[in-house]
Structures are given as C-alpha cells and as structure tokens.
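Following: one structure in structure tokens, then a few remarks.
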Amino acid sequence: MIPVTFLGADGRETHAEGVEGARLLDVAQAAGQPLEGTCDGDLACATCHVVMNAADFAGLSPASPEEEDLLDLASNATRTSRLACQVRLSAQIGAITVRIPG
C-alpha cells in the first residue's frame, strides 16, 4: 500500500492508502476528500485539481498538453498543480502529500 496525506483547505490532515497504479482521484474520494471528478477522468473538467508537494511533483510523469490546458482554467493553480484523475500512485515515488485547494 502507498500512503497518501491530504491537506485540506482548513489545514486538516487526512491519511489514506492506495494500491500501485490507483488513480489519486479514486483514493481521494474513498477518503472523503471534496474532489468531484465530474468527467470521471476524461480530461473534460478540472474538478479534481490538487496541488502536489514539490518533491512528489518532481517524481511524476509530466502532465499531458490536455491536462495543462485544463489546469489553466483551475482556480488557485500553481506550478505543482495536477488533476488527481491523471496521477497514478507508484511505489517508485512512494508516499505522497497533496493539498486540496480551497
């Protein structure tokens, strides 16, 4: 299992775990995080926007041009923003920390 720490907009930490290859969106929703994922990962919205810890972000594969376009529309996007539907948990990266933007 791969540990995931979610940092809520209110500062609260929630800890969860997911299996290798699981979508971050699925792990977040199972942990009760307020990520809609309206398009179910079809790259048609930005309702699963998260901000990755900088060290974790560096270990991820780069965002696709389609994901980058949607992140341009996301509120409070940063240089380490990603769509949770496009991030897969990996034992190579290990434990990750994710901030849920307000």
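Residue numbers start at 1 in each chain; chains themselves are named A, B, ... in the order of the structure tokens; ligands are numbered from 1 in the order shown.
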Write out as JSON, numbers by chain which residues come within 12 Å of A:Gly32 when counting only C-alpha atoms, dropping same-chain ones fewer than 3 positions away. {"A": [6, 8, 13, 14, 15, 16, 25, 26, 27, 28, 29, 35, 36, 100]}
Write out, as a PDB file, in the first residue's frame, the residues just selected, with N, CA and C atoms.
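File written: part31.pdb
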ATOM      1  N   PHE A   6      -3.548  13.915   2.638  1.00  0.00           N
ATOM      2  CA  PHE A   6      -4.305  15.017   2.054  1.00  0.00           C
ATOM      3  C   PHE A   6      -4.320  16.162   3.055  1.00  0.00           C
ATOM      4  N   GLY A   8      -6.235  19.468   3.776  1.00  0.00           N
ATOM      5  CA  GLY A   8      -7.450  20.183   3.418  1.00  0.00           C
ATOM      6  C   GLY A   8      -7.244  21.687   3.434  1.00  0.00           C
ATOM      7  N   GLU A  13      -5.349  17.328   8.218  1.00  0.00           N
ATOM      8  CA  GLU A  13      -4.688  16.236   7.506  1.00  0.00           C
ATOM      9  C   GLU A  13      -5.582  15.007   7.520  1.00  0.00           C
ATOM     10  N   THR A  14      -5.648  14.345   6.371  1.00  0.00           N
ATOM     11  CA  THR A  14      -6.337  13.065   6.271  1.00  0.00           C
ATOM     12  C   THR A  14      -5.354  12.080   5.666  1.00  0.00           C
ATOM     13  N   HIS A  15      -5.251  10.917   6.266  1.00  0.00           N
ATOM     14  CA  HIS A  15      -4.323   9.899   5.777  1.00  0.00           C
ATOM     15  C   HIS A  15      -5.105   8.776   5.113  1.00  0.00           C
ATOM     16  N   ALA A  16      -4.589   8.318   3.993  1.00  0.00           N
ATOM     17  CA  ALA A  16      -5.222   7.243   3.244  1.00  0.00           C
ATOM     18  C   ALA A  16      -4.121   6.382   2.629  1.00  0.00           C
ATOM     19  N   LEU A  25      -7.434  10.354  -7.733  1.00  0.00           N
ATOM     20  CA  LEU A  25      -8.830  10.762  -7.572  1.00  0.00           C
ATOM     21  C   LEU A  25      -9.631   9.704  -6.822  1.00  0.00           C
ATOM     22  N   ASP A  26      -9.464   8.444  -7.164  1.00  0.00           N
ATOM     23  CA  ASP A  26     -10.209   7.371  -6.506  1.00  0.00           C
ATOM     24  C   ASP A  26      -9.824   7.248  -5.031  1.00  0.00           C
ATOM     25  N   VAL A  27      -8.544   7.385  -4.743  1.00  0.00           N
ATOM     26  CA  VAL A  27      -8.077   7.316  -3.353  1.00  0.00           C
ATOM     27  C   VAL A  27      -8.649   8.498  -2.567  1.00  0.00           C
ATOM     28  N   ALA A  28      -8.639   9.685  -3.168  1.00  0.00           N
ATOM     29  CA  ALA A  28      -9.159  10.885  -2.507  1.00  0.00           C
ATOM     30  C   ALA A  28     -10.649  10.749  -2.213  1.00  0.00           C
ATOM     31  N   GLN A  29     -11.417  10.302  -3.186  1.00  0.00           N
ATOM     32  CA  GLN A  29     -12.859  10.161  -2.982  1.00  0.00           C
ATOM     33  C   GLN A  29     -13.168   9.109  -1.928  1.00  0.00           C
ATOM     34  N   LEU A  35     -13.302  16.237  -3.811  1.00  0.00           N
ATOM     35  CA  LEU A  35     -12.942  16.307  -5.227  1.00  0.00           C
ATOM     36  C   LEU A  35     -14.065  15.674  -6.029  1.00  0.00           C
ATOM     37  N   GLU A  36     -14.657  16.450  -6.931  1.00  0.00           N
ATOM     38  CA  GLU A  36     -15.797  15.954  -7.691  1.00  0.00           C
ATOM     39  C   GLU A  36     -15.413  14.924  -8.744  1.00  0.00           C
ATOM     40  N   ILE A 100      -5.512  20.015  -1.022  1.00  0.00           N
ATOM     41  CA  ILE A 100      -6.783  20.260  -1.678  1.00  0.00           C
ATOM     42  C   ILE A 100      -7.017  21.778  -1.661  1.00  0.00           C
TER      43      ILE A 100
END
Closest contacts (stretch 16-41 of chain A/stretch 78-89 of chain A, max 7 Å, only C-alpha atoms) as a Markdown table:
| residue | atom | partner | partner_atom | distance |
| --- | --- | --- | --- | --- |
| A:Val19 | CA | A:Leu89 | CA | 7.0 |
| A:Glu20 | CA | A:Leu89 | CA | 5.4 |
| A:Gly21 | CA | A:Leu89 | CA | 5.0 |
| A:Ala22 | CA | A:Arg88 | CA | 5.4 |
| A:Arg23 | CA | A:Arg88 | CA | 4.6 |
| A:Leu24 | CA | A:Ala84 | CA | 5.0 |
| A:Leu25 | CA | A:Ala84 | CA | 4.6 |
| A:Gly41 | CA | A:Cys85 | CA | 5.0 |
Keeping only C-alpha atoms, write the selected residues as a PDB file, in the first residue's frame.
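In the end it all went to out.pdb:
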ATOM      1  CA  VAL A  19      -2.527   0.343  -4.302  1.00  0.00           C
ATOM      2  CA  GLU A  20       0.102   0.635  -7.007  1.00  0.00           C
ATOM      3  CA  GLY A  21      -1.449   2.141 -10.131  1.00  0.00           C
ATOM      4  CA  ALA A  22      -4.550   3.537  -8.392  1.00  0.00           C
ATOM      5  CA  ARG A  23      -5.778   6.933  -9.547  1.00  0.00           C
ATOM      6  CA  LEU A  24      -5.236   9.634  -6.944  1.00  0.00           C
ATOM      7  CA  LEU A  25      -8.830  10.762  -7.572  1.00  0.00           C
ATOM      8  CA  GLY A  41     -11.054  11.253 -15.739  1.00  0.00           C
TER       9      GLY A  41
END
Which parts of chain A does DSSP call strand (DSSP E) when run on the backbone here, written out as a list in words?
Ile2, Pro3, Val4, Thr5, Phe6, Leu7, Glu13, Thr14, His15, Ala16, Glu17, Gly18, His49, Val50, Val51, Met52, Ser81, Arg82, Leu83, Ile96, Thr97, Val98 and Arg99 of chain A
Only N, CA and C atoms, please: the residues just picked out, written as a CSV table (one decimal), in the first residue's frame.
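out-v7.csv was written with the following content:
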chain,number,residue,atom,x,y,z
A,2,ILE,N,0.4,2.3,-0.7
A,2,ILE,CA,1.1,3.5,-0.8
A,2,ILE,C,0.4,4.6,0.0
A,3,PRO,N,1.1,5.2,1.0
A,3,PRO,CA,0.4,6.2,1.8
A,3,PRO,C,0.2,7.5,1.1
A,4,VAL,N,-0.9,8.2,1.3
A,4,VAL,CA,-1.2,9.5,0.8
A,4,VAL,C,-1.7,10.3,1.9
A,5,THR,N,-1.2,11.5,2.0
A,5,THR,CA,-1.6,12.5,3.0
A,5,THR,C,-2.3,13.6,2.3
A,6,PHE,N,-3.5,13.9,2.6
A,6,PHE,CA,-4.3,15.0,2.1
A,6,PHE,C,-4.3,16.2,3.1
A,7,LEU,N,-4.0,17.3,2.6
A,7,LEU,CA,-4.0,18.6,3.4
A,7,LEU,C,-5.2,19.4,2.9
A,13,GLU,N,-5.3,17.3,8.2
A,13,GLU,CA,-4.7,16.2,7.5
A,13,GLU,C,-5.6,15.0,7.5
A,14,THR,N,-5.6,14.3,6.4
A,14,THR,CA,-6.3,13.1,6.3
A,14,THR,C,-5.4,12.1,5.7
A,15,HIS,N,-5.3,10.9,6.3
A,15,HIS,CA,-4.3,9.9,5.8
A,15,HIS,C,-5.1,8.8,5.1
A,16,ALA,N,-4.6,8.3,4.0
A,16,ALA,CA,-5.2,7.2,3.2
A,16,ALA,C,-4.1,6.4,2.6
A,17,GLU,N,-4.5,5.3,2.0
A,17,GLU,CA,-3.6,4.4,1.3
A,17,GLU,C,-4.3,4.0,0.0
A,18,GLY,N,-3.4,3.7,-1.0
A,18,GLY,CA,-3.9,3.2,-2.2
A,18,GLY,C,-2.9,2.2,-2.8
A,49,HIS,N,-8.8,19.1,-9.3
A,49,HIS,CA,-7.5,19.8,-9.2
A,49,HIS,C,-6.9,19.7,-7.8
A,50,VAL,N,-5.6,19.3,-7.7
A,50,VAL,CA,-4.9,19.3,-6.4
A,50,VAL,C,-3.6,19.9,-6.6
A,51,VAL,N,-2.9,20.2,-5.5
A,51,VAL,CA,-1.6,20.8,-5.5
A,51,VAL,C,-0.7,19.8,-4.9
A,52,MET,N,0.3,19.3,-5.6
A,52,MET,CA,1.2,18.3,-5.1
A,52,MET,C,2.3,18.9,-4.3
A,81,SER,N,0.5,22.0,-9.6
A,81,SER,CA,-0.9,21.6,-9.7
A,81,SER,C,-1.0,20.4,-10.7
A,82,ARG,N,-1.9,19.5,-10.4
A,82,ARG,CA,-2.2,18.4,-11.2
A,82,ARG,C,-3.7,18.1,-11.1
A,83,LEU,N,-4.2,17.3,-12.1
A,83,LEU,CA,-5.5,16.8,-11.9
A,83,LEU,C,-5.4,15.4,-11.3
A,96,ILE,N,3.0,10.2,-0.8
A,96,ILE,CA,2.8,11.5,-1.4
A,96,ILE,C,1.9,12.3,-0.5
A,97,THR,N,2.1,13.7,-0.6
A,97,THR,CA,1.3,14.6,0.1
A,97,THR,C,0.7,15.6,-0.9
A,98,VAL,N,-0.6,15.8,-0.7
A,98,VAL,CA,-1.4,16.5,-1.7
A,98,VAL,C,-2.3,17.5,-0.9
A,99,ARG,N,-2.3,18.8,-1.4
A,99,ARG,CA,-3.1,19.8,-0.8
A,99,ARG,C,-4.4,20.0,-1.7
Pairwise distance, atom CA of A:Ala91 with atom CA of A:Asn53, equals 16.3 Å
In terms of only C-alpha atoms, the residue from A:Met1, A:Leu71, A:Ala9, A:Ala58 at minimal distance from A:Gln33 is A:Ala9
key: For A:Glu66, the nearest of the candidates A:Cys39, A:Cys45, A:Ala30, A:Ala54, counting only C-alpha atoms   =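 For A:Glu66, the nearest of the given residues is A:Cys45.
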**Message:** Quick check, in Å to one decimal: how far apart do atom CA of A:Leu70 and atom CA of A:Ala46 lie?
**Reply:**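 Atom CA of A:Leu70 sits 5.9 Å away from atom CA of A:Ala46.
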For this session: Within stretch 12-97 of chain A, find each residue whose DSSP state, derived from the backbone, is helix (DSSP H, G or I), and express the selection as a ChimeraX atom specification.
Result: /A:24-30,54-59,65-71,84-86
Next, write the just-selected residues to a file, as an mmCIF file, in the first residue's frame, keeping C-alpha atoms as the atom set.
data_model
loop_
_atom_site.group_PDB
_atom_site.id
_atom_site.type_symbol
_atom_site.label_atom_id
_atom_site.label_comp_id
_atom_site.auth_asym_id
_atom_site.auth_seq_id
_atom_site.Cartn_x
_atom_site.Cartn_y
_atom_site.Cartn_z
ATOM 1 C CA LEU A 24 -5.236 9.634 -6.944
ATOM 2 C CA LEU A 25 -8.830 10.762 -7.572
ATOM 3 C CA ASP A 26 -10.209 7.371 -6.506
ATOM 4 C CA VAL A 27 -8.077 7.316 -3.353
ATOM 5 C CA ALA A 28 -9.159 10.885 -2.507
ATOM 6 C CA GLN A 29 -12.859 10.161 -2.982
ATOM 7 C CA ALA A 30 -12.632 6.975 -0.902
ATOM 8 C CA ALA A 54 7.010 19.864 -4.691
ATOM 9 C CA ALA A 55 9.212 16.799 -4.075
ATOM 10 C CA ASP A 56 6.390 14.439 -5.066
ATOM 11 C CA PHE A 57 5.551 16.540 -8.125
ATOM 12 C CA ALA A 58 9.124 16.195 -9.382
ATOM 13 C CA GLY A 59 8.776 12.395 -9.425
ATOM 14 C CA PRO A 65 -0.918 19.082 -23.032
ATOM 15 C CA GLU A 66 -4.648 18.416 -22.472
ATOM 16 C CA GLU A 67 -4.159 18.336 -18.701
ATOM 17 C CA GLU A 68 -2.085 21.531 -18.848
ATOM 18 C CA ASP A 69 -4.905 23.251 -20.770
ATOM 19 C CA LEU A 70 -7.436 22.294 -18.091
ATOM 20 C CA LEU A 71 -5.117 23.376 -15.287
ATOM 21 C CA ALA A 84 -5.993 13.888 -9.496
ATOM 22 C CA CYS A 85 -7.578 11.766 -12.220
ATOM 23 C CA GLN A 86 -4.284 11.834 -14.127
#
- Task: Enter the distance from atom CA of A:Gln92 to atom CA of A:Gly11, in Å, rounded to one decimal.
- Result: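 Atom CA of A:Gly11 lies at a distance of 27.5 Å from atom CA of A:Gln92.
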A:Leu60 proximity check over A:Ser90, A:Leu73, A:Gly102, A:Thr38, using only C-alpha atoms: winner is A:Ser90
**Selected residue of minimal separation from A:Ser61 among A:Cys48, A:Arg12, A:Pro101, A:Ile93, counting only C-alpha atoms** =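 Smallest separation from A:Ser61 among the options: A:Ile93.
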